[in-house]
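Inspection log for the structure reproduced underneath, given as structure tokens.
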Amino acid sequence: MIILGLTGSVGMGKTEAGKYFIKNKIDVFDCDKEIAIFYKRNDIIIKIKKIFPSAVYNNKVDKNALANIVFNDKKKLNFLEELIYKKLQAKQSFWLRKKIREKKKLLVFDVPLLFEKDNIKKYDIVLVISCNKAIQRRRVLKRQGWNEERYEKILREQISDYIKQSLADIIIKSDRGKRYLNQEIIKIIKEVKNKRNRKTNEILKEF
């Protein structure tokens, strides 16, 4: 089995890349999607309400309000990450074991903070999605609930795109169009077929 880590700074096109892996019949564990599910769980909502009462309204987490709180308070950010990432790691491990039983050749983990927070040893290949900074900014500021302040705070929490590219095994520029992105992903999938598989027990040690 080969484990590919998919990452990139906010607005670079990482989610779009994940969709093309799925389109080409490769299973993807989407960390952002799983975290969004956690925020709807009653046990998580109760814990968040206890620490961040102003971020919960009508028993729902207001993620924009929560972001405004934690990105101005490092201790609160650390608490939130500890709460969410432990559960995320458990979900990753469960999903991986399921895919091992299904005898999958290639798995993709879509991880926004792969270099910042994750264990790099998990991955046989790290793919970084990048694009022009002006396009990145435009994409992010089009998103609901985003503004310049939130965008700049997120960038400060993330390793720069330049450094991510220097650490990557593969780089794809998403600003060259969706067709190009899909073609590059197809190329990666074909190349992986020739790569030596890592033993599952070695993979499980890191997860």
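Letters A, B, ... mark the chains of the structure tokens in the order given; residue numbers begin at 1 per chain; ligand numbers begin at 1, in order shown.
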
| Nearby residues (only C-alpha atoms) at most 7 Å from region 123-135 of chain A, same-chain spacing under 4 positions excluded, as a PyMOL selection string | chain A and resi 2-8+12-14+139+164-165+168-175

| In Å, how far is it from CA of Arg198 (chain A) to CA of Lys103 (chain A)? | 12.8 Å

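Using only C-alpha atoms for every distance, the candidate list A:Phe115, A:Ala55, A:Asp27, A:Glu16 yields A:Asp27 as the residue closest to Ile100 (chain A).
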
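Closest approach to Lys86 (chain A) among A:Glu152, A:Glu102, A:Asp118, A:Glu184: A:Asp118, based on only C-alpha atoms.
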
Against region 57-77 of chain A, which residues of region 146-191 of chain A fall within 12 Å? For each one I want the closest pair of atoms and the distance in Å (one decimal), counting only C-alpha atoms, rows by chain and increasing residue number, as a Markdown table.
```
| residue | atom | partner | partner_atom | distance |
| --- | --- | --- | --- | --- |
| A:Trp146 | CA | A:Asn64 | CA | 8.0 |
| A:Asn147 | CA | A:Asn64 | CA | 10.5 |
| A:Glu149 | CA | A:Asn68 | CA | 9.4 |
| A:Arg150 | CA | A:Asn68 | CA | 7.5 |
| A:Tyr151 | CA | A:Phe71 | CA | 10.8 |
| A:Glu152 | CA | A:Phe71 | CA | 10.4 |
| A:Lys153 | CA | A:Phe71 | CA | 6.7 |
| A:Ile154 | CA | A:Phe71 | CA | 7.9 |
| A:Leu155 | CA | A:Phe71 | CA | 11.0 |
| A:Arg156 | CA | A:Phe71 | CA | 9.8 |
| A:Glu157 | CA | A:Phe71 | CA | 8.7 |
```

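We find CA of Lys98 (chain A) and CA of Lys122 (chain A) to be spaced 16.5 Å apart.
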
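With only C-alpha atoms taken into account, the protein and nucleic acid residues at most 9 Å from Cys31 (chain A) (excluding it and anything under 4 positions from it in its own chain) are Ile35, Ala36, Leu88, Gln92, Phe109, Asp110, Val111 and Pro112 of chain A.
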
Go ahead and save the residues from that selection, with C-alpha atoms, as a PDB file, in the first residue's frame.
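That gives us out-v8.pdb:
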```
ATOM      1  CA  ILE A  35     -13.826  17.971  11.371  1.00  0.00           C
ATOM      2  CA  ALA A  36     -17.059  19.558  10.081  1.00  0.00           C
ATOM      3  CA  LEU A  88      -9.449  12.948  14.022  1.00  0.00           C
ATOM      4  CA  GLN A  92      -8.035   8.162  10.442  1.00  0.00           C
ATOM      5  CA  PHE A 109      -5.151  11.747   3.158  1.00  0.00           C
ATOM      6  CA  ASP A 110      -6.218  15.347   2.521  1.00  0.00           C
ATOM      7  CA  VAL A 111      -4.528  17.165   5.425  1.00  0.00           C
ATOM      8  CA  PRO A 112      -4.513  20.996   5.536  1.00  0.00           C
TER       9      PRO A 112
END
```

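Nearest to Lys205 (chain A) of all the residues A:Val108, A:Ile186, A:Leu96, A:Leu181 is A:Leu96, counting only C-alpha atoms.
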
Residues within 9 Å of Leu204 (chain A), please, as a PDB file with C-alpha atoms, in the first residue's frame. Count only C-alpha atoms; anything in the same chain fewer than 3 positions from it doesn't count.
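The result, stored in out11.pdb:
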```pdb
ATOM      1  CA  SER A  93      -6.776   4.960  12.033  1.00  0.00           C
ATOM      2  CA  LEU A  96      -7.110   3.127   7.258  1.00  0.00           C
ATOM      3  CA  ARG A  97      -7.707  -0.318   8.759  1.00  0.00           C
ATOM      4  CA  LYS A 122       2.788   8.525   7.768  1.00  0.00           C
ATOM      5  CA  LYS A 199       4.080  -3.135   4.384  1.00  0.00           C
ATOM      6  CA  THR A 200       0.842  -2.530   6.239  1.00  0.00           C
ATOM      7  CA  ASN A 201       2.400  -3.157   9.653  1.00  0.00           C
ATOM      8  CA  PHE A 207      -1.090   5.846  12.513  1.00  0.00           C
TER       9      PHE A 207
END
```

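Distance annotation: of A:Lys121, A:Leu167, A:Ile37, A:Asp32, the residue with the minimal separation from Glu202 (chain A) is A:Lys121; atom set is only C-alpha atoms.
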
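Distance check against Glu82 (chain A) using only C-alpha atoms: of A:Ile188, A:Leu141, A:Met1, A:Ile44, the minimum falls on A:Ile44.
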
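We find CA of Gln136 (chain A) and CA of Asp30 (chain A) to be spaced 20.2 Å apart.
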
| task | Please identify which residues in region 12-171 of chain A DSSP calls strand (DSSP E) from the backbone, and express them as a ChimeraX atom specification. | result | /A:27-30,56-57,60-61,106-110,125-130,170-171

| request: Report as a PyMOL selection string: the residues of region 24-206 of chain A with a DSSP assignment of helix (DSSP H, G or I), based on the backbone of this structure. | output: chain A and resi 31-38+42-51+53-55+63-70+74-101+114-117+120-122+133-141+148-157+161-167+174-176+178-192+200-206

Give me a file of those residues, with C-alpha atoms, as a short mmCIF file (atom, residue, chain, number, x, y, z; two decimals), in the first residue's frame.
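Output file again.cif follows:
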```cif
data_model
loop_
_atom_site.label_atom_id
_atom_site.label_comp_id
_atom_site.auth_asym_id
_atom_site.auth_seq_id
_atom_site.Cartn_x
_atom_site.Cartn_y
_atom_site.Cartn_z
CA CYS A 31 -9.76 15.97 7.27
CA ASP A 32 -11.77 19.18 6.84
CA LYS A 33 -14.91 17.19 6.05
CA GLU A 34 -14.44 14.95 9.10
CA ILE A 35 -13.83 17.97 11.37
CA ALA A 36 -17.06 19.56 10.08
CA ILE A 37 -18.87 16.37 11.16
CA PHE A 38 -17.28 16.54 14.62
CA ASN A 42 -23.47 16.78 20.70
CA ASP A 43 -20.52 15.76 22.91
CA ILE A 44 -18.21 18.15 21.00
CA ILE A 45 -20.77 20.98 21.09
CA ILE A 46 -21.08 20.63 24.89
CA LYS A 47 -17.29 20.86 25.35
CA ILE A 48 -16.98 23.83 23.00
CA LYS A 49 -19.90 25.64 24.70
CA LYS A 50 -18.19 25.22 28.09
CA ILE A 51 -14.98 26.95 26.91
CA PRO A 53 -19.97 29.98 25.09
CA SER A 54 -20.25 32.83 22.57
CA ALA A 55 -19.38 30.44 19.70
CA LYS A 63 -17.34 28.35 13.16
CA ASN A 64 -16.66 31.96 12.18
CA ALA A 65 -17.15 33.13 15.78
CA LEU A 66 -15.02 30.24 17.01
CA ALA A 67 -12.24 31.13 14.55
CA ASN A 68 -12.27 34.75 15.74
CA ILE A 69 -11.79 33.57 19.32
CA VAL A 70 -9.07 30.96 18.88
CA LYS A 74 -3.08 30.69 21.56
CA LYS A 75 -4.16 28.73 24.65
CA LYS A 76 -7.72 28.43 23.39
CA LEU A 77 -6.46 27.42 19.95
CA ASN A 78 -4.34 24.69 21.54
CA PHE A 79 -7.35 23.44 23.55
CA LEU A 80 -9.51 23.25 20.43
CA GLU A 81 -6.81 21.46 18.43
CA GLU A 82 -6.28 18.95 21.24
CA LEU A 83 -10.02 18.28 21.39
CA ILE A 84 -10.48 17.84 17.65
CA TYR A 85 -7.21 16.26 16.51
CA LYS A 86 -7.26 13.34 18.95
CA LYS A 87 -10.65 12.35 17.58
CA LEU A 88 -9.45 12.95 14.02
CA GLN A 89 -6.45 10.65 14.51
CA ALA A 90 -8.72 7.89 15.85
CA LYS A 91 -11.03 8.28 12.83
CA GLN A 92 -8.03 8.16 10.44
CA SER A 93 -6.78 4.96 12.03
CA PHE A 94 -10.21 3.30 11.83
CA TRP A 95 -10.61 4.33 8.16
CA LEU A 96 -7.11 3.13 7.26
CA ARG A 97 -7.71 -0.32 8.76
CA LYS A 98 -10.95 -0.61 6.80
CA LYS A 99 -9.12 0.22 3.53
CA ILE A 100 -6.37 -2.29 4.35
CA ARG A 101 -9.04 -5.00 4.62
CA LEU A 114 0.24 18.23 7.23
CA PHE A 115 3.63 19.93 7.74
CA GLU A 116 2.49 22.04 10.70
CA LYS A 117 0.73 19.45 12.87
CA ILE A 120 5.32 13.21 8.11
CA LYS A 121 6.36 9.57 8.53
CA LYS A 122 2.79 8.53 7.77
CA LYS A 133 -0.77 34.35 -4.44
CA ALA A 134 -3.24 36.77 -6.05
CA ILE A 135 -5.45 33.85 -7.11
CA GLN A 136 -5.14 32.31 -3.65
CA ARG A 137 -6.31 35.53 -1.99
CA ARG A 138 -9.20 35.97 -4.42
CA ARG A 139 -10.40 32.40 -3.88
CA VAL A 140 -10.35 32.68 -0.09
CA LEU A 141 -12.05 36.07 0.14
CA GLU A 148 -8.81 40.00 5.11
CA GLU A 149 -8.21 39.71 8.87
CA ARG A 150 -9.16 36.04 9.06
CA TYR A 151 -7.18 35.28 5.91
CA GLU A 152 -4.00 36.89 7.27
CA LYS A 153 -4.37 35.11 10.62
CA ILE A 154 -4.69 31.75 8.90
CA LEU A 155 -1.60 32.44 6.79
CA ARG A 156 0.39 33.21 9.96
CA GLU A 157 -0.62 29.81 11.38
CA ASP A 161 3.81 28.01 0.39
CA TYR A 162 7.48 28.38 -0.57
CA ILE A 163 8.60 26.13 2.29
CA LYS A 164 5.83 23.62 1.61
CA GLN A 165 6.97 23.32 -1.98
CA SER A 166 10.55 22.73 -0.83
CA LEU A 167 9.35 19.86 1.39
CA SER A 174 -3.85 24.50 -9.54
CA ASP A 175 -3.99 27.84 -11.37
CA ARG A 176 -3.22 26.07 -14.65
CA LYS A 178 -8.97 21.92 -13.86
CA ARG A 179 -8.04 19.84 -16.91
CA TYR A 180 -4.34 20.19 -16.10
CA LEU A 181 -5.01 19.32 -12.44
CA ASN A 182 -6.88 16.15 -13.43
CA GLN A 183 -4.17 15.11 -15.91
CA GLU A 184 -1.45 15.52 -13.27
CA ILE A 185 -3.40 13.46 -10.77
CA ILE A 186 -3.94 10.68 -13.34
CA LYS A 187 -0.18 10.75 -13.95
CA ILE A 188 0.52 10.38 -10.21
CA ILE A 189 -1.89 7.42 -9.94
CA LYS A 190 -0.14 5.66 -12.84
CA GLU A 191 3.33 6.31 -11.39
CA VAL A 192 2.31 4.92 -7.99
CA THR A 200 0.84 -2.53 6.24
CA ASN A 201 2.40 -3.16 9.65
CA GLU A 202 4.94 -0.38 8.93
CA ILE A 203 2.12 1.99 7.96
CA LEU A 204 0.07 1.17 11.04
CA LYS A 205 3.02 2.03 13.33
CA GLU A 206 2.71 5.68 12.22
#
```

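Among A:Val56, A:Gly145, A:Lys104, A:Lys23, the residue with the shortest atom-to-atom distance to Tyr39 (chain A), counting only C-alpha atoms, is A:Val56.
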